[in-house]
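Chemist: What follows is a single structure, and I will ask about it in a moment.
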Amino acid sequence: MAAVSSMSKMYGLCFHAVRQTAGLKASRLLQRRGFRVTVVQLQQPFDSSLEKPQFPGASAEFVDQLEFIQPNVISGIPVYRVMDRQGNIINPSQDPQLSKETVLNFYQKMTLLNTMDRILYESQRQGRISFYMTNYGEEGTHIGSAAALDPNDLVFGQYREAGVLMYRGFPLDHFMAQCYANADDLGKGRQMPVHYGSKDLNFVTISSPLATQIPQAAGAAYAVKRENINRAVICYFGEGAASEGDAHAGFNFSATLECPLIFFCRNNGYAISTPTNEQYRGDGIAARGPGYGMLSIRVDGNDVFAVYNATKEARRRAVAENQPFLIEAMTYRIGHHSTSDDSSAYRSVDEVNYWDKQDHPISRLRHYMTARGWWSEDDERSWRKQSRKTVMEAFERAERRLKPNPELLFTDVYQEMTPSLNKQRESLWRHVQQYKEHYPLDLYEK
């Protein structure tokens, strides 16, 4: 038995050794075969020019020369226009062929806005209202874009788009009521002047901080896309606001989420007081669009037809294709930034006069109408007189109107007033009663 056991162990050891040797030979054989395959592969010709980048973050080709991209790779994005400065159609195929009634409406809205600006600007200078911002020189950007939209489209303004609201039918009485913060003001006297808003006209109330409306518009456009209805969103801003971080967020979100949104930049040259050569180094705002994957165009903002054509096409494609568009309207702010600004500190009177006299959107459209026999000197005098009378009547009504009830300070936030708000309300009325000679409550609605 011992001998059998010993033989068995020896057999096991021999078998194990044979298996190890066989495995080693097989392993070496596979290595040699693998090496031969690798050698064969390496020996095949390889053309590196056919190799394509596989990085997930960009679409491009490989290059073998070190070269930085120049900031201005082309001579400049061209400015699309339909009319020259004398109101002549340059390319008949681009004429929007608008009816006489439509063009007259354009002109009357632009000049009515201009008249309202002059009266309210002077009223601020007389101390009748606290603040105002004019739209001088930018009327074409307002009316041309507003006319190309559907009334159901949602508008996010900055603070110089009064003409968009006017074109949509916002009454003069509401403009005046807002600037006077009287009892007819839709905002109940809570906003500073020119911060208009209208739920009925799909115009989101303006807020003062620059560029906050840009990401808000992107979110609204995404909601519109999910509703899958024939509706677009337009967001207005200036070239100064485009330097805010919110602009980047809004551009990127709208492009990646594929939203039906029109970004409308009014490049009027000066932001609040900063000229464009100090505001950016690239080719304006339109040049930024491709970097975000947006279709972009630059238009002559003093040409109401160019603005109309560009906005109409952008609106059509934004809804049909679910993608954002960037329109940069080149124009000039003839007035001061606001009544808090003196623009003579950063630009010459001669420069302002040039744009006011030589390249104004109102005079350009008037040339167009006059050449067709649609407008005469008599029409001009009659309309100017009538529009001033209409604005002054609304102005006088607003000035006579009472202020909103002070109780409205505490409404429209909570459905039921909270204890802390109640405490503040009681404290207010105790103070008013104690110093009532300083609070003429007869000027407020009861």
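Residue numbering restarts at 1 for every chain of the structure tokens, chains are lettered A, B, ... in their displayed order, and ligands are numbered from 1 as they appear.
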Using only C-alpha atoms, determine which residues lie at most 12 Å from segment 174-186 of chain A, disregarding the query and same-chain residues fewer than 5 positions distant; provide the list as a count of residues only.
Modeler: 54
Chemist: Determine which residues of segment 104-244 of chain A DSSP labels as strand (DSSP E or B) from the backbone of this structure, then write them out as a list in words.
Modeler: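 Restricting segment 104-244 of chain A to strand (DSSP E or B) produces Leu154, Val155, Phe156, Ser198, Phe203, Val204, Val233, Ile234, Cys235, Tyr236, Phe237 and Gly238 of chain A.
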Chemist: Write out as a tab-separated table the residues of segment 114-161 of chain A that have any atom within 12 Å of an atom of segment 300-304 of chain A, one row each with the nearest atom pair and its distance in Å to one decimal, counting only C-alpha atoms, sorted by chain and then rising number.
Modeler:
residue	atom	partner	partner_atom	distance
A:Tyr136	CA	A:Asn302	CA	11.2
A:Gly137	CA	A:Asn302	CA	7.6
A:Glu138	CA	A:Asn302	CA	7.0
A:Glu139	CA	A:Asn302	CA	7.9
A:Gly140	CA	A:Val304	CA	4.7
A:Thr141	CA	A:Gly301	CA	5.3
A:His142	CA	A:Val304	CA	8.6
A:Ile143	CA	A:Val304	CA	7.1
A:Gly144	CA	A:Val304	CA	4.8
A:Ser145	CA	A:Val304	CA	8.1
A:Ala146	CA	A:Val304	CA	10.4
A:Ala147	CA	A:Val304	CA	9.8
A:Ala148	CA	A:Val304	CA	10.7
Chemist: Write the selection just made, keeping N, CA, C and O atoms, as a PDB file, in the first residue's frame?
Modeler:
ATOM      1  N   TYR A 136     -34.513 108.309 -28.510  1.00  0.00           N
ATOM      2  CA  TYR A 136     -34.098 109.046 -29.706  1.00  0.00           C
ATOM      3  C   TYR A 136     -33.081 108.264 -30.528  1.00  0.00           C
ATOM      4  O   TYR A 136     -32.045 107.824 -30.020  1.00  0.00           O
ATOM      5  N   GLY A 137     -33.375 108.097 -31.804  1.00  0.00           N
ATOM      6  CA  GLY A 137     -32.444 107.455 -32.723  1.00  0.00           C
ATOM      7  C   GLY A 137     -32.607 105.954 -32.840  1.00  0.00           C
ATOM      8  O   GLY A 137     -32.051 105.341 -33.754  1.00  0.00           O
ATOM      9  N   GLU A 138     -33.350 105.341 -31.929  1.00  0.00           N
ATOM     10  CA  GLU A 138     -33.494 103.889 -31.931  1.00  0.00           C
ATOM     11  C   GLU A 138     -34.921 103.431 -32.245  1.00  0.00           C
ATOM     12  O   GLU A 138     -35.266 102.264 -32.074  1.00  0.00           O
ATOM     13  N   GLU A 139     -35.737 104.363 -32.719  1.00  0.00           N
ATOM     14  CA  GLU A 139     -37.143 104.051 -32.995  1.00  0.00           C
ATOM     15  C   GLU A 139     -37.306 102.943 -34.036  1.00  0.00           C
ATOM     16  O   GLU A 139     -38.235 102.140 -33.965  1.00  0.00           O
ATOM     17  N   GLY A 140     -36.407 102.896 -35.009  1.00  0.00           N
ATOM     18  CA  GLY A 140     -36.504 101.886 -36.072  1.00  0.00           C
ATOM     19  C   GLY A 140     -36.330 100.473 -35.555  1.00  0.00           C
ATOM     20  O   GLY A 140     -36.962  99.534 -36.058  1.00  0.00           O
ATOM     21  N   THR A 141     -35.466 100.308 -34.545  1.00  0.00           N
ATOM     22  CA  THR A 141     -35.261  98.965 -33.982  1.00  0.00           C
ATOM     23  C   THR A 141     -36.518  98.477 -33.268  1.00  0.00           C
ATOM     24  O   THR A 141     -36.833  97.285 -33.303  1.00  0.00           O
ATOM     25  N   HIS A 142     -37.236  99.391 -32.627  1.00  0.00           N
ATOM     26  CA  HIS A 142     -38.458  99.023 -31.896  1.00  0.00           C
ATOM     27  C   HIS A 142     -39.571  98.610 -32.852  1.00  0.00           C
ATOM     28  O   HIS A 142     -40.130  97.514 -32.757  1.00  0.00           O
ATOM     29  N   ILE A 143     -39.903  99.526 -33.759  1.00  0.00           N
ATOM     30  CA  ILE A 143     -41.079  99.331 -34.604  1.00  0.00           C
ATOM     31  C   ILE A 143     -40.850  98.219 -35.622  1.00  0.00           C
ATOM     32  O   ILE A 143     -41.730  97.384 -35.860  1.00  0.00           O
ATOM     33  N   GLY A 144     -39.670  98.183 -36.222  1.00  0.00           N
ATOM     34  CA  GLY A 144     -39.391  97.142 -37.210  1.00  0.00           C
ATOM     35  C   GLY A 144     -39.460  95.748 -36.634  1.00  0.00           C
ATOM     36  O   GLY A 144     -40.012  94.824 -37.250  1.00  0.00           O
ATOM     37  N   SER A 145     -38.924  95.570 -35.433  1.00  0.00           N
ATOM     38  CA  SER A 145     -38.948  94.236 -34.811  1.00  0.00           C
ATOM     39  C   SER A 145     -40.335  93.891 -34.286  1.00  0.00           C
ATOM     40  O   SER A 145     -40.807  92.764 -34.455  1.00  0.00           O
ATOM     41  N   ALA A 146     -41.001  94.857 -33.675  1.00  0.00           N
ATOM     42  CA  ALA A 146     -42.332  94.594 -33.116  1.00  0.00           C
ATOM     43  C   ALA A 146     -43.318  94.191 -34.205  1.00  0.00           C
ATOM     44  O   ALA A 146     -44.163  93.304 -33.999  1.00  0.00           O
ATOM     45  N   ALA A 147     -43.218  94.825 -35.374  1.00  0.00           N
ATOM     46  CA  ALA A 147     -44.142  94.536 -36.477  1.00  0.00           C
ATOM     47  C   ALA A 147     -43.957  93.131 -37.029  1.00  0.00           C
ATOM     48  O   ALA A 147     -44.885  92.559 -37.606  1.00  0.00           O
ATOM     49  N   ALA A 148     -42.764  92.561 -36.864  1.00  0.00           N
ATOM     50  CA  ALA A 148     -42.467  91.238 -37.417  1.00  0.00           C
ATOM     51  C   ALA A 148     -42.879  90.099 -36.496  1.00  0.00           C
ATOM     52  O   ALA A 148     -42.829  88.934 -36.892  1.00  0.00           O
TER      53      ALA A 148
END
Chemist: Would you please work out which residue, of A:Asp341, A:Arg190, A:Glu437, A:Ala255, is nearest to Glu407 of chain A when using only C-alpha atoms?
Modeler: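 Answer, going by the shortest atom-to-atom distance: A:Arg190.
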Chemist: With the cut-off set at 9 Å and counting only C-alpha atoms, tabulate each residue of segment 308-369 of chain A with an atom at most that distance from an atom of segment 261-267 of chain A, showing the nearest atom pair and its distance in Å to one decimal, ordered by chain and increasing number, as a tab-separated table.
Modeler:
residue	atom	partner	partner_atom	distance
A:Thr311	CA	A:Ile262	CA	7.9
A:Ala314	CA	A:Ile262	CA	6.9
A:Arg315	CA	A:Ile262	CA	6.9
A:Ala318	CA	A:Leu261	CA	6.3
A:Val319	CA	A:Leu261	CA	8.2
A:Asn322	CA	A:Leu261	CA	8.2
A:Gln323	CA	A:Leu261	CA	6.8
A:Pro324	CA	A:Leu261	CA	4.6
A:Phe325	CA	A:Ile262	CA	4.9
A:Leu326	CA	A:Phe263	CA	4.7
A:Ile327	CA	A:Phe264	CA	4.9
A:Glu328	CA	A:Cys265	CA	4.8
A:Ala329	CA	A:Arg266	CA	5.1
A:Met330	CA	A:Asn267	CA	5.1
A:Thr331	CA	A:Asn267	CA	5.9
A:Tyr332	CA	A:Asn267	CA	7.4
A:Arg333	CA	A:Asn267	CA	8.9
Chemist: Between A:Glu61, A:Arg81, A:Phe106, A:Glu426, which has the minimum distance to Arg298 of chain A (counting only C-alpha atoms)?
Modeler: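 The answer is A:Arg81, which sits nearest to Arg298 of chain A.
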Chemist: Kindly give the distance, in Å, that separates atom CA of Pro275 of chain A and atom CA of Gly250 of chain A, rounded to a single decimal.
Modeler: 23.7 Å
Chemist: Which residues are close to segment 235-240 of chain A, i.e. within 9 Å by only C-alpha atoms, leaving aside same-chain residues fewer than 3 positions away? Reply as a ChimeraX atom specification.
Modeler: /A:154-161,210-211,213-214,217-218,243-244,261-272,274,276,279,284-285,328
Chemist: Using only C-alpha atoms, which residues sit within 8 Å of Phe62 of chain A once same-chain residues fewer than 6 positions away are excluded, as a ChimeraX atom specification?
Modeler: /A:51-53
